Amino acid sequence: MMARPEAKLKELKPADLRHDVGARRDLVVTVNRRSEKRLIAYGDEFLFEKLPVGTRVIYPPPPLDELPDPDQAIRYALLRPENADPLFAQLNPNMRVTIAIDDISLPLPQMRSPDLRERILNQVLQTLADYGVDDVHLIIATALHRRMTEAEIRRVVGERAYKQFWPDRLYNFDGENRSELTLLGKTDHGEEVWLSKRAAESDLLLYVNINLVPMDGGHKSVAVGLAPYQSLRHHHNPTILRDSHSYMDPKNSGLHRSANRMGRLVNQSLNVFTVETSVNTRMYGGMLDFLHKNEDTFSDWDRTRSGAFRWAMRNMSYELRRQTLHNYRSPYGLTGVWAGDTEAVHEKALARVFQQYSVPVKGQTDILIVGVPFICPYNVNSVMNPVLVQCTGMGYLFNMYRGKPLVRPGGTLIICHPLRDEFHPEHHPSYIEFFHRCLAETTDAMELEKNFEHEFARNPTYIHMYRYGHAYHGVHPFYMWYWGEPARQHLGRVIAAGCEQPEVAARLGWDSADTLDQAIAMATAELGHSASITYLHLPPLVIADVE
Amino acid sequence: MSVLREKAGRSAHVKPRASAAFYDLDGTLCDLNLVHSAVFILTNMGQWSERAAYALSFLARAPRLYLAERKDRQLLNEVLFESFQGVSADRLFSLGEEYCERVLIKHLYPQAVELIRSNRELGFEPVLVTGSPDFIVAPLARHLEIEHFAANHLAMARGRANGRMARPVMASDEKARWCTAFAAQRGISLTSCWGYADSYYDLSFLSALGHPVAVNPDPKLRAAALSRQWPIISFERPSTIERELADTLDGAIDSTGSTDDGAA
């Protein structure tokens with residue numbers, strides 16, 4: 001096969017990293033009497049709170065420099081893949097190709113156009129067209145997430161793919177359409193590997209991914225994104241998730257071990273060509289970039305902007321505030337793109353992601369404070385309900401570590417969120433029943449799994465809403481609850497600070513406090529006044545390498 | 001009075017039901033309403049001259065029907081059923097069969113049929129609770145293999161409809177009362193039952209059940225469902241979805257047995 005001119009491209013790397021490990025120690029700041037108030041995410045608002053003297057505040061590393069020409073980097077990755085032939089060399093006109101794409105749960109908030117998926121698709125589709133490949137389907141790898149709307153898909157995949165493929169050859173995965181699923185086999189652990197039939201019967205399966213955190217990507221992309229309940233139940237369960245320390249450290253995660261076993265079986269059966277990307281932490285830019293900064297280093301301009309921002313947020317109606325925040329598009333920058341063999345690609349992507357997020361932290365803390373923001377992977381353009389607050393606080397933010405958890409065993413987690421009893425009936429119908437019925441009986445994940453999971457997973461109304469509406473699958477709230485299982489096993493107490501409805505916190509098995517000060521007082525009353533306190537600063541994201 | 005039909009001899013073959021799923025008919029399981037059935041029956045009765053007379057009398061009632069619909073669903077039923085005055089019971093049941101076979105079945109939402117089937121598999125006894133007349137509902141229930149239904153019932157005198165409805169009229173609160181009695185009779189807890197309806201007039205019916213679902217709801221029911229955090233689902237009668245559903249059913253049949261449900 002003739003080499004294309006692009007093969008002469010040089011490999012593109014981000015500029016030399018200015019933030020080495022030594023410098024990153026400066027990202028852990030100890031609060032003193034002169035310290036400024038700290039910004040804390042609080043649902044669809046932000047708090048500015050004075051933290052007790054001695055509190056450690058962990059800041060995310062500054063964003064890595066982005067690649068100067070993302071399109072060129074993507075082209076290079078497709079032409080020089082890892083442990084695989086270049087994409088063009090794998091093509092022939094008679095083949096059947098399926099392209100699976102990460103859904104709206106990544107990245108958060110949604111990125112500015114053009115989305116990375118659009119950039120990759122444009123080049124992949126052009127290559128396929130150049131080589132005469134016509135039998136191409138694009139599947140949004142939603143697994144049991146809600147179906148993306150037409151407008152959401154259009155935005156993510158871009159005009160070219162939308163106009164050419166929607167709706168017959170560009171669609172959401174349907175994990176309940178039995179005729180479109182196939183059983184590839186069982187792993188040596190007895191895990192059934194089901195997959196989209198279209199993907200399984202393709203000569204080439206491409207996966208287009210965005211890695212926001214180290215939990216994403218790798219075998220988790222295909223083996224989870226294109227799989228139904230029958231497969232997901234093997235790793236989305238309390239037993240496996242209890243053995244995950246943490247989700248952000250794939251080598252020590254039972255969830256990833258299971259997904260890897262299943263993914264390897266998929267790759268033995270299919271020709272999978274993975275395209276992974278990593279982005280920097282430029283979650284908020286322009287007028288909102290003060291949200292990333294150490295408050296002690298705020299300039300007058302930063303203070304003015306933060307004051308104006310809080311004033312505007314305070315004076316908006318709830319719905320307008322929610323819409324404004326969800327409509328914000330983040331100026332994420334591409335820090336790396338790799339293509340080819342799933343494991344080889346993921347190894348490189350993971351290294352870059354950790355390069356971006358990791359901060360060394362000495363020792364654990366007695367009390368960990370986190371602020372749960374307005375968004376998580378499961379409420380894009382939707383409502384952050386109490387079950388998702390639990391998932392974000394105990395499932396994601398607690399797990400932002402490698403080595404040991406940031407908080408010691410038996411310690412206290414303080415979660416800042418208003419915690420209202422509100423749900424999106426169209427997106428989260430089964431969450432409502434889960435919260436009001438199942439959690440009223442027990443908060444024990446094992447009991448919930450045994451007594452209720454199957455009923456919800458097979459519920460015809462929820463299945464209908466998942467297949468034809470825009471609802472998360474009936475079993476999804478269970479997964480969200482299981483997600484918090486390692487934290488539940490580890491922590492002594494959880495306190496919801498700023499909780500507007502204490503009965504909601506009680507339903508989750510948490511204590512509640514009106515203010516953060518009160519929550520800290522409650523925690524120190526139990527753990528002693530010398531209890532150490534750490535605040536994990538968000539946004540953006542940070543992963544603590546706890547020594 | 002409302003009717004409760006049971007097929008003798010069938011229950012012995014059916015496994016005991018843990019709970020029940022109650023379905024409204026018009027607008028919920030099909031995209032037709034009472035007026036369609038009335039028009040069909042009235043325009044298919046007797047000779048041409050009689051048909052014309054019935055049609056004219058129905059047209060004459062149109063303003064009352066409109067006002068009744070805006071005011072009260074029960075009143076609508078009563079005004080509508082007046083049109084059947086003088087028609088023999090035999091004729092009504094025969095036309096009901098014909099209407100069901102020629103029109104109603106074709107207008108059932110495929111997704112609704114699938115939902116009934118899936119609920120039944122999970123142990124939810126399907127029950128129709130509707131304001132439609134029994135001579136239409138009975139053949140439909142047979143078609144859907146539904147043993148129990150509650151429907152309205154024309155009062156008869158000397159084998160002919162007298163234009164009045166037997167009491168109580170199956171509408172609004174009466175549906176809830178009927179479901180409560182049905183559940184009590186079978187030792188079922190209403191909190192475990194599912195209910196599906198499309199109209200704001202069914203609010204009390206849905207409220208009586210543990211799992212109410214608004215199906216293609218009218219604006220008032222939609223608002224009520226949203227404020228109560230009830231699931232809202234949409235059924236469609238489109239060619240594409242029909243095709244997908246047919247594929248799904250084929251797939252389900254193929255996979256029945258060893259791979260029917262991974263969790264089983």
# chains A, B, ... in the order shown; residues from 1 in each chain; ligands from 1
call {"tool": "residues_around", "arguments": {"residues": "stretch 509-519 of chain A", "least_positions_apart": "3", "cutoff": "8 Å", "atoms": "only C-alpha atoms", "output": "ChimeraX atom specification"}}
result
/A:49,414,416,443,493-500,502,505-506,522-523
call {"tool": "residues_around", "arguments": {"residues": "stretch 444-460 of chain A", "least_positions_apart": "3", "cutoff": "9 Å", "atoms": "only C-alpha atoms", "output": "VMD selection string"}}
result
(chain A and resid 229 237 to 239 430 434 438 to 439 441 463 to 465 473 to 476 478 481 to 482 485) or (chain B and resid 114 to 119 122 261 263 to 264)
call {"tool": "select_by_dssp", "arguments": {"residues": "stretch 21-223 of chain B", "states": "strand (DSSP E or B)", "output": "JSON, numbers by chain"}}
result
{"B": [21, 22, 23, 26, 30, 88, 108, 124, 125, 126, 127, 128, 129, 130, 131, 132, 133, 148, 149, 150, 151, 152, 154, 155, 156, 157, 160, 161, 162, 163, 164, 165, 194, 195, 196, 197, 211, 212, 213, 214, 215]}
call {"tool": "write_last_selection", "arguments": {"atoms": "C-alpha atoms", "output": "CSV table (one decimal), in the first residue's frame"}}
result
chain,number,residue,atom,x,y,z
B,21,ALA,CA,-50.9,-3.6,36.0
B,22,PHE,CA,-54.0,-1.5,35.2
B,23,TYR,CA,-54.3,0.0,31.7
B,26,ASP,CA,-58.4,5.1,24.7
B,30,CYS,CA,-54.4,2.9,21.2
B,88,SER,CA,-80.2,-4.4,20.3
B,108,LEU,CA,-53.0,-0.4,19.2
B,124,PHE,CA,-48.2,-8.2,36.7
B,125,GLU,CA,-51.7,-9.4,35.9
B,126,PRO,CA,-53.0,-7.1,33.1
B,127,VAL,CA,-56.3,-5.4,33.7
B,128,LEU,CA,-58.1,-3.0,31.5
B,129,VAL,CA,-59.9,-0.1,33.2
B,130,THR,CA,-61.7,2.0,30.7
B,131,GLY,CA,-64.7,4.1,30.0
B,132,SER,CA,-65.3,2.3,26.7
B,133,PRO,CA,-68.3,0.1,26.4
B,148,HIS,CA,-60.1,-9.0,33.7
B,149,PHE,CA,-61.5,-5.7,32.6
B,150,ALA,CA,-63.7,-2.9,33.9
B,151,ALA,CA,-65.7,-1.2,31.3
B,152,ASN,CA,-68.9,0.8,30.9
B,154,LEU,CA,-75.3,0.1,28.6
B,155,ALA,CA,-78.5,-0.3,30.5
B,156,MET,CA,-80.8,-2.6,28.5
B,157,ALA,CA,-84.6,-2.9,28.4
B,160,ARG,CA,-82.4,-3.1,23.6
B,161,ALA,CA,-80.2,-0.2,24.8
B,162,ASN,CA,-82.3,2.4,26.5
B,163,GLY,CA,-79.6,5.1,26.0
B,164,ARG,CA,-78.5,5.3,29.6
B,165,MET,CA,-75.4,3.9,31.2
B,194,TRP,CA,-48.7,-0.2,38.0
B,195,GLY,CA,-51.2,2.0,36.3
B,196,TYR,CA,-51.1,3.6,32.8
B,197,ALA,CA,-53.4,6.4,31.6
B,211,HIS,CA,-46.6,3.0,40.3
B,212,PRO,CA,-48.6,5.5,38.2
B,213,VAL,CA,-47.3,6.2,34.6
B,214,ALA,CA,-48.6,8.9,32.3
B,215,VAL,CA,-48.8,7.7,28.7
call {"tool": "closest_residue", "arguments": {"among": "A:Asn280, A:Thr392, A:Ser113, A:Thr461", "to": "chain B", "atoms": "only C-alpha atoms"}}
result
A:Thr461
call {"tool": "closest_residue", "arguments": {"among": "B:His107, B:Arg177, B:His153, B:Arg120", "to": "chain A", "atoms": "only C-alpha atoms"}}
result
B:Arg120
call {"tool": "closest_residue", "arguments": {"among": "B:Val113, B:Leu80, B:Ala181, B:Ala60", "to": "chain A", "atoms": "only C-alpha atoms"}}
result
B:Val113
call {"tool": "closest_atom_pairs", "arguments": {"of": "chain A", "to": "chain B", "cutoff": "10 Å", "atoms": "only C-alpha atoms", "output": "CSV"}}
result
residue,atom,partner,partner_atom,distance
A:Glu176,CA,B:Thr248,CA,8.7
A:Asn177,CA,B:Thr248,CA,5.8
A:Arg178,CA,B:Gly251,CA,5.3
A:Ser179,CA,B:Gly251,CA,4.1
A:Glu180,CA,B:Gly251,CA,7.9
A:Leu181,CA,B:Gly251,CA,9.0
A:Thr182,CA,B:Thr259,CA,9.9
A:Leu183,CA,B:Thr259,CA,8.7
A:Glu192,CA,B:Gly262,CA,8.1
A:Trp194,CA,B:Gly262,CA,9.6
A:Pro228,CA,B:Gly262,CA,9.6
A:Tyr229,CA,B:Gly262,CA,7.8
A:Gln230,CA,B:Gly262,CA,4.7
A:Ser231,CA,B:Gly262,CA,7.9
A:Arg233,CA,B:Ala263,CA,8.0
A:His234,CA,B:Ala263,CA,9.7
A:Glu422,CA,B:Gln229,CA,8.6
A:Phe423,CA,B:Gln229,CA,7.3
A:His424,CA,B:Gln229,CA,7.8
A:Pro425,CA,B:Gln229,CA,5.5
A:Glu426,CA,B:Ile232,CA,6.7
A:His427,CA,B:Pro231,CA,9.4
A:His428,CA,B:Pro231,CA,8.8
A:Pro429,CA,B:Pro231,CA,5.6
A:Ser430,CA,B:Pro231,CA,8.3
A:Ile432,CA,B:Gln229,CA,7.3
A:Glu433,CA,B:His211,CA,8.8
A:Glu453,CA,B:Ala263,CA,9.8
A:His454,CA,B:Ala263,CA,7.1
A:Glu455,CA,B:Leu122,CA,8.5
A:Ala457,CA,B:Ala263,CA,9.0
A:Arg458,CA,B:Leu122,CA,8.1
A:Asn459,CA,B:Asn119,CA,7.6
A:Pro460,CA,B:Ser118,CA,5.8
A:Thr461,CA,B:Leu115,CA,7.1
A:Tyr462,CA,B:Pro231,CA,8.5
A:Ile463,CA,B:Leu115,CA,9.2
A:His464,CA,B:Ile233,CA,7.6
A:Met465,CA,B:Ile233,CA,6.2
A:Tyr466,CA,B:Ile233,CA,9.9
A:Tyr468,CA,B:Ser234,CA,7.8
A:Gly469,CA,B:Ile233,CA,7.1
A:His470,CA,B:Ile233,CA,9.9
A:Ala471,CA,B:Pro231,CA,9.7
call {"tool": "write_last_selection", "arguments": {"atoms": "N, CA and C atoms", "output": "compact mmCIF listing (two decimals), in the first residue's frame"}}
result
# COMPACT_ATOMS: atom_id res chain seq x y z
N GLU A 176 -31.18 -2.94 25.20
CA GLU A 176 -32.35 -3.79 25.41
C GLU A 176 -32.92 -4.31 24.10
N ASN A 177 -32.26 -4.05 23.02
CA ASN A 177 -32.73 -4.60 21.74
C ASN A 177 -32.04 -5.95 21.53
N ARG A 178 -32.73 -7.00 21.96
CA ARG A 178 -32.11 -8.33 21.98
C ARG A 178 -31.62 -8.76 20.61
N SER A 179 -32.33 -8.31 19.58
CA SER A 179 -31.93 -8.75 18.23
C SER A 179 -30.64 -8.08 17.78
N GLU A 180 -30.24 -7.03 18.47
CA GLU A 180 -29.02 -6.31 18.08
C GLU A 180 -27.87 -6.55 19.05
N LEU A 181 -28.00 -7.63 19.84
CA LEU A 181 -26.94 -7.97 20.78
C LEU A 181 -26.44 -9.37 20.48
N THR A 182 -25.20 -9.61 20.80
CA THR A 182 -24.68 -10.95 20.59
C THR A 182 -23.75 -11.33 21.74
N LEU A 183 -23.74 -12.61 22.04
CA LEU A 183 -22.88 -13.11 23.12
C LEU A 183 -21.57 -13.57 22.51
N GLU A 192 -20.03 -13.09 31.26
CA GLU A 192 -20.60 -13.13 29.91
C GLU A 192 -20.27 -11.84 29.19
N TRP A 194 -21.36 -9.72 26.31
CA TRP A 194 -22.34 -9.37 25.29
C TRP A 194 -21.89 -8.10 24.61
N PRO A 228 -24.69 -4.58 27.22
CA PRO A 228 -25.96 -4.45 27.93
C PRO A 228 -25.83 -4.87 29.39
N TYR A 229 -26.95 -4.88 30.05
CA TYR A 229 -27.00 -5.24 31.47
C TYR A 229 -26.37 -6.61 31.74
N GLN A 230 -26.62 -7.56 30.84
CA GLN A 230 -26.13 -8.92 31.06
C GLN A 230 -24.62 -8.96 31.24
N SER A 231 -23.90 -8.03 30.65
CA SER A 231 -22.45 -7.96 30.82
C SER A 231 -22.06 -7.05 31.97
N ARG A 233 -23.44 -6.27 34.68
CA ARG A 233 -23.71 -6.73 36.05
C ARG A 233 -22.51 -7.48 36.62
N HIS A 234 -21.59 -7.93 35.77
CA HIS A 234 -20.45 -8.67 36.28
C HIS A 234 -19.43 -7.78 36.99
N GLU A 422 -35.03 16.50 44.39
CA GLU A 422 -35.50 16.84 43.04
C GLU A 422 -34.85 15.89 42.04
N PHE A 423 -35.67 15.50 41.08
CA PHE A 423 -35.25 14.52 40.08
C PHE A 423 -35.73 14.99 38.71
N HIS A 424 -35.13 14.47 37.68
CA HIS A 424 -35.62 14.73 36.32
C HIS A 424 -36.46 13.51 35.92
N PRO A 425 -37.79 13.65 35.85
CA PRO A 425 -38.63 12.47 35.63
C PRO A 425 -38.39 11.81 34.27
N GLU A 426 -37.93 12.59 33.31
CA GLU A 426 -37.71 11.99 31.99
C GLU A 426 -36.36 11.26 31.93
N HIS A 427 -35.35 11.83 32.58
CA HIS A 427 -34.02 11.22 32.52
C HIS A 427 -33.79 10.18 33.61
N HIS A 428 -34.35 10.40 34.76
CA HIS A 428 -34.03 9.54 35.90
C HIS A 428 -35.28 8.95 36.56
N PRO A 429 -36.19 8.35 35.80
CA PRO A 429 -37.43 7.86 36.43
C PRO A 429 -37.20 6.79 37.48
N SER A 430 -36.28 5.87 37.21
CA SER A 430 -36.09 4.79 38.19
C SER A 430 -35.37 5.27 39.44
N ILE A 432 -36.16 7.84 41.04
CA ILE A 432 -37.19 8.35 41.95
C ILE A 432 -37.71 7.21 42.81
N GLU A 433 -38.02 6.11 42.16
CA GLU A 433 -38.50 4.95 42.92
C GLU A 433 -37.39 4.40 43.81
N GLU A 453 -32.46 -5.17 42.61
CA GLU A 453 -31.78 -4.85 41.33
C GLU A 453 -32.47 -5.51 40.13
N HIS A 454 -32.76 -6.78 40.25
CA HIS A 454 -33.32 -7.49 39.11
C HIS A 454 -34.69 -6.92 38.74
N GLU A 455 -35.46 -6.58 39.74
CA GLU A 455 -36.79 -6.01 39.48
C GLU A 455 -36.67 -4.73 38.66
N ALA A 457 -34.04 -3.78 36.86
CA ALA A 457 -33.36 -4.03 35.58
C ALA A 457 -34.34 -4.55 34.53
N ARG A 458 -35.34 -5.27 34.95
CA ARG A 458 -36.27 -5.88 34.00
C ARG A 458 -37.60 -5.15 33.93
N ASN A 459 -37.71 -4.04 34.62
CA ASN A 459 -38.98 -3.32 34.66
C ASN A 459 -39.35 -2.80 33.26
N PRO A 460 -40.49 -3.24 32.72
CA PRO A 460 -40.85 -2.88 31.34
C PRO A 460 -41.02 -1.38 31.11
N THR A 461 -41.56 -0.69 32.11
CA THR A 461 -41.76 0.76 31.92
C THR A 461 -40.41 1.47 31.83
N TYR A 462 -39.49 1.11 32.70
CA TYR A 462 -38.17 1.75 32.65
C TYR A 462 -37.42 1.35 31.38
N ILE A 463 -37.61 0.11 30.96
CA ILE A 463 -36.96 -0.32 29.71
C ILE A 463 -37.52 0.48 28.54
N HIS A 464 -38.83 0.68 28.54
CA HIS A 464 -39.44 1.47 27.47
C HIS A 464 -38.86 2.89 27.46
N MET A 465 -38.76 3.47 28.64
CA MET A 465 -38.26 4.85 28.72
C MET A 465 -36.79 4.93 28.31
N TYR A 466 -36.04 3.87 28.60
CA TYR A 466 -34.63 3.82 28.19
C TYR A 466 -34.52 3.68 26.67
N TYR A 468 -36.93 4.18 24.19
CA TYR A 468 -37.63 5.11 23.29
C TYR A 468 -37.64 6.55 23.80
N GLY A 469 -37.37 6.72 25.09
CA GLY A 469 -37.30 8.07 25.62
C GLY A 469 -35.84 8.46 25.82
N HIS A 470 -35.59 9.20 26.89
CA HIS A 470 -34.21 9.59 27.17
C HIS A 470 -33.90 9.31 28.63
N ALA A 471 -34.29 8.12 29.06
CA ALA A 471 -34.10 7.76 30.46
C ALA A 471 -32.88 6.87 30.63
call {"tool": "residues_around", "arguments": {"residues": "B:Asp198", "least_positions_apart": "6", "cutoff": "8 Å", "atoms": "only C-alpha atoms", "output": "list of chain:residue names"}}
result
B:Asp24, B:Gly27, B:Thr28, B:Ala214, B:Val215, B:Asn216, B:Pro217, B:Asp218, B:Leu221
call {"tool": "atom_distance", "arguments": {"atom1": "atom CA of A:Tyr378", "atom2": "atom CA of A:Thr142"}}
result
10.9 Å
call {"tool": "atom_distance", "arguments": {"atom1": "atom CA of A:Leu116", "atom2": "atom CA of A:Phe354"}}
result
19.7 Å
call {"tool": "select_by_dssp", "arguments": {"residues": "stretch 136-236 of chain A", "states": "helix (DSSP H, G or I)", "output": "MDAnalysis selection string"}}
result
chainID A and resid 150:165 178:180 197:200 219:225 229:232
call {"tool": "write_last_selection", "arguments": {"atoms": "C-alpha atoms", "output": "compact mmCIF listing (two decimals), in the first residue's frame"}}
result
# COMPACT_ATOMS: atom_id res chain seq x y z
CA GLU A 150 -30.48 14.49 18.06
CA ALA A 151 -29.15 17.96 18.88
CA GLU A 152 -26.63 16.57 21.36
CA ILE A 153 -25.39 14.02 18.85
CA ARG A 154 -25.14 16.61 16.13
CA ARG A 155 -23.02 18.81 18.34
CA VAL A 156 -20.68 16.00 19.34
CA VAL A 157 -20.12 14.35 15.97
CA GLY A 158 -20.23 17.52 13.89
CA GLU A 159 -22.12 18.50 10.77
CA ARG A 160 -20.36 16.21 8.34
CA ALA A 161 -21.04 12.97 10.20
CA TYR A 162 -24.52 14.12 11.16
CA LYS A 163 -25.59 14.99 7.65
CA GLN A 164 -24.10 11.86 6.14
CA PHE A 165 -25.19 9.26 8.68
CA ARG A 178 -32.11 -8.33 21.98
CA SER A 179 -31.93 -8.75 18.23
CA GLU A 180 -29.02 -6.31 18.08
CA LYS A 197 -24.19 -7.23 17.13
CA ARG A 198 -23.35 -4.63 14.52
CA ALA A 199 -19.98 -4.02 16.20
CA ALA A 200 -19.34 -7.74 16.65
CA HIS A 219 -10.97 -1.87 27.58
CA LYS A 220 -13.69 -0.04 29.48
CA SER A 221 -14.61 1.76 26.25
CA VAL A 222 -15.84 -1.13 24.10
CA ALA A 223 -16.55 -3.76 26.73
CA VAL A 224 -18.71 -1.33 28.73
CA GLY A 225 -19.91 1.24 26.23
CA TYR A 229 -27.00 -5.24 31.47
CA GLN A 230 -26.13 -8.92 31.06
CA SER A 231 -22.45 -7.96 30.82
CA LEU A 232 -22.31 -4.90 33.04
call {"tool": "closest_residue", "arguments": {"among": "A:Leu527, A:Val361, A:Leu508, A:Val275", "to": "A:Glu547", "atoms": "only C-alpha atoms"}}
result
A:Val361
call {"tool": "residues_around", "arguments": {"residues": "A:Asn327", "least_positions_apart": "6", "cutoff": "12 Å", "atoms": "only C-alpha atoms", "output": "NGL selection string"}}
result
:A and (108-112 or 152 or 320-321 or 374-375 or 380-382)
call {"tool": "closest_residue", "arguments": {"among": "A:Ala227, A:Leu406, A:Val136, A:Ala73", "to": "A:Met95", "atoms": "only C-alpha atoms"}}
result
A:Val136
call {"tool": "residues_around", "arguments": {"residues": "A:His189", "least_positions_apart": "4", "cutoff": "12 Å", "atoms": "only C-alpha atoms", "output": "PyMOL selection string"}}
result
chain A and resi 185+193+234-235+257-262+265
call {"tool": "atom_distance", "arguments": {"atom1": "atom CA of A:Val370", "atom2": "atom CA of A:Leu51"}}
result
12.4 Å
call {"tool": "residues_around", "arguments": {"residues": "B:Cys100", "least_positions_apart": "6", "cutoff": "12 Å", "atoms": "only C-alpha atoms", "output": "MDAnalysis selection string"}}
result
chainID B and resid 30 32 36:37 40:41 92:94 106:108 132:144
call {"tool": "write_last_selection", "arguments": {"atoms": "N, CA and C atoms", "output": "short mmCIF file (atom, residue, chain, number, x, y, z; two decimals), in the first residue's frame"}}
result
data_model
loop_
_atom_site.label_atom_id
_atom_site.label_comp_id
_atom_site.auth_asym_id
_atom_site.auth_seq_id
_atom_site.Cartn_x
_atom_site.Cartn_y
_atom_site.Cartn_z
N CYS B 30 -54.18 2.64 22.61
CA CYS B 30 -54.42 2.87 21.19
C CYS B 30 -54.62 4.36 20.94
N LEU B 32 -57.02 5.87 19.50
CA LEU B 32 -58.42 6.17 19.22
C LEU B 32 -59.11 6.60 20.51
N HIS B 36 -64.52 7.69 18.18
CA HIS B 36 -64.26 6.84 17.00
C HIS B 36 -65.15 5.62 17.01
N SER B 37 -65.20 4.96 18.17
CA SER B 37 -65.98 3.72 18.23
C SER B 37 -67.47 4.03 18.02
N PHE B 40 -68.10 4.69 14.34
CA PHE B 40 -68.02 3.45 13.57
C PHE B 40 -69.31 2.64 13.71
N ILE B 41 -69.74 2.50 14.95
CA ILE B 41 -70.90 1.66 15.19
C ILE B 41 -72.16 2.30 14.60
N LEU B 92 -75.13 -4.74 19.05
CA LEU B 92 -74.01 -3.98 19.62
C LEU B 92 -72.77 -4.86 19.79
N PHE B 93 -72.99 -6.07 20.30
CA PHE B 93 -71.85 -6.95 20.52
C PHE B 93 -71.24 -7.40 19.20
N SER B 94 -72.10 -7.59 18.21
CA SER B 94 -71.57 -8.00 16.91
C SER B 94 -70.77 -6.85 16.27
N LYS B 106 -55.82 -2.63 14.94
CA LYS B 106 -54.83 -2.00 14.06
C LYS B 106 -54.30 -0.69 14.65
N HIS B 107 -55.05 -0.14 15.57
CA HIS B 107 -54.63 1.13 16.16
C HIS B 107 -53.98 0.97 17.52
N LEU B 108 -53.73 -0.26 17.92
CA LEU B 108 -53.00 -0.45 19.18
C LEU B 108 -51.55 -0.04 18.97
N SER B 132 -64.66 2.88 27.93
CA SER B 132 -65.27 2.35 26.70
C SER B 132 -66.32 1.32 27.06
N PRO B 133 -67.25 1.07 26.14
CA PRO B 133 -68.32 0.11 26.45
C PRO B 133 -67.83 -1.33 26.40
N ASP B 134 -68.49 -2.16 27.15
CA ASP B 134 -68.06 -3.55 27.29
C ASP B 134 -68.11 -4.31 25.96
N PHE B 135 -69.03 -3.92 25.05
CA PHE B 135 -69.12 -4.68 23.80
C PHE B 135 -67.91 -4.42 22.89
N ILE B 136 -67.13 -3.42 23.20
CA ILE B 136 -65.88 -3.19 22.47
C ILE B 136 -64.70 -3.77 23.24
N VAL B 137 -64.76 -3.61 24.56
CA VAL B 137 -63.62 -4.00 25.39
C VAL B 137 -63.49 -5.53 25.46
N ALA B 138 -64.62 -6.21 25.49
CA ALA B 138 -64.56 -7.67 25.65
C ALA B 138 -63.78 -8.35 24.52
N PRO B 139 -64.08 -8.04 23.25
CA PRO B 139 -63.26 -8.69 22.20
C PRO B 139 -61.80 -8.27 22.22
N LEU B 140 -61.55 -7.03 22.62
CA LEU B 140 -60.15 -6.60 22.69
C LEU B 140 -59.41 -7.37 23.80
N ALA B 141 -60.09 -7.50 24.92
CA ALA B 141 -59.47 -8.24 26.03
C ALA B 141 -59.15 -9.67 25.59
N ARG B 142 -60.08 -10.26 24.84
CA ARG B 142 -59.81 -11.63 24.33
C ARG B 142 -58.57 -11.62 23.44
N HIS B 143 -58.51 -10.61 22.58
CA HIS B 143 -57.37 -10.53 21.66
C HIS B 143 -56.05 -10.40 22.42
N LEU B 144 -56.07 -9.60 23.48
CA LEU B 144 -54.84 -9.38 24.25
C LEU B 144 -54.62 -10.42 25.35
#
call {"tool": "closest_residue", "arguments": {"among": "A:Lys362, A:His529, A:Arg24, A:His346", "to": "A:Arg56", "atoms": "only C-alpha atoms"}}
result
A:Lys362
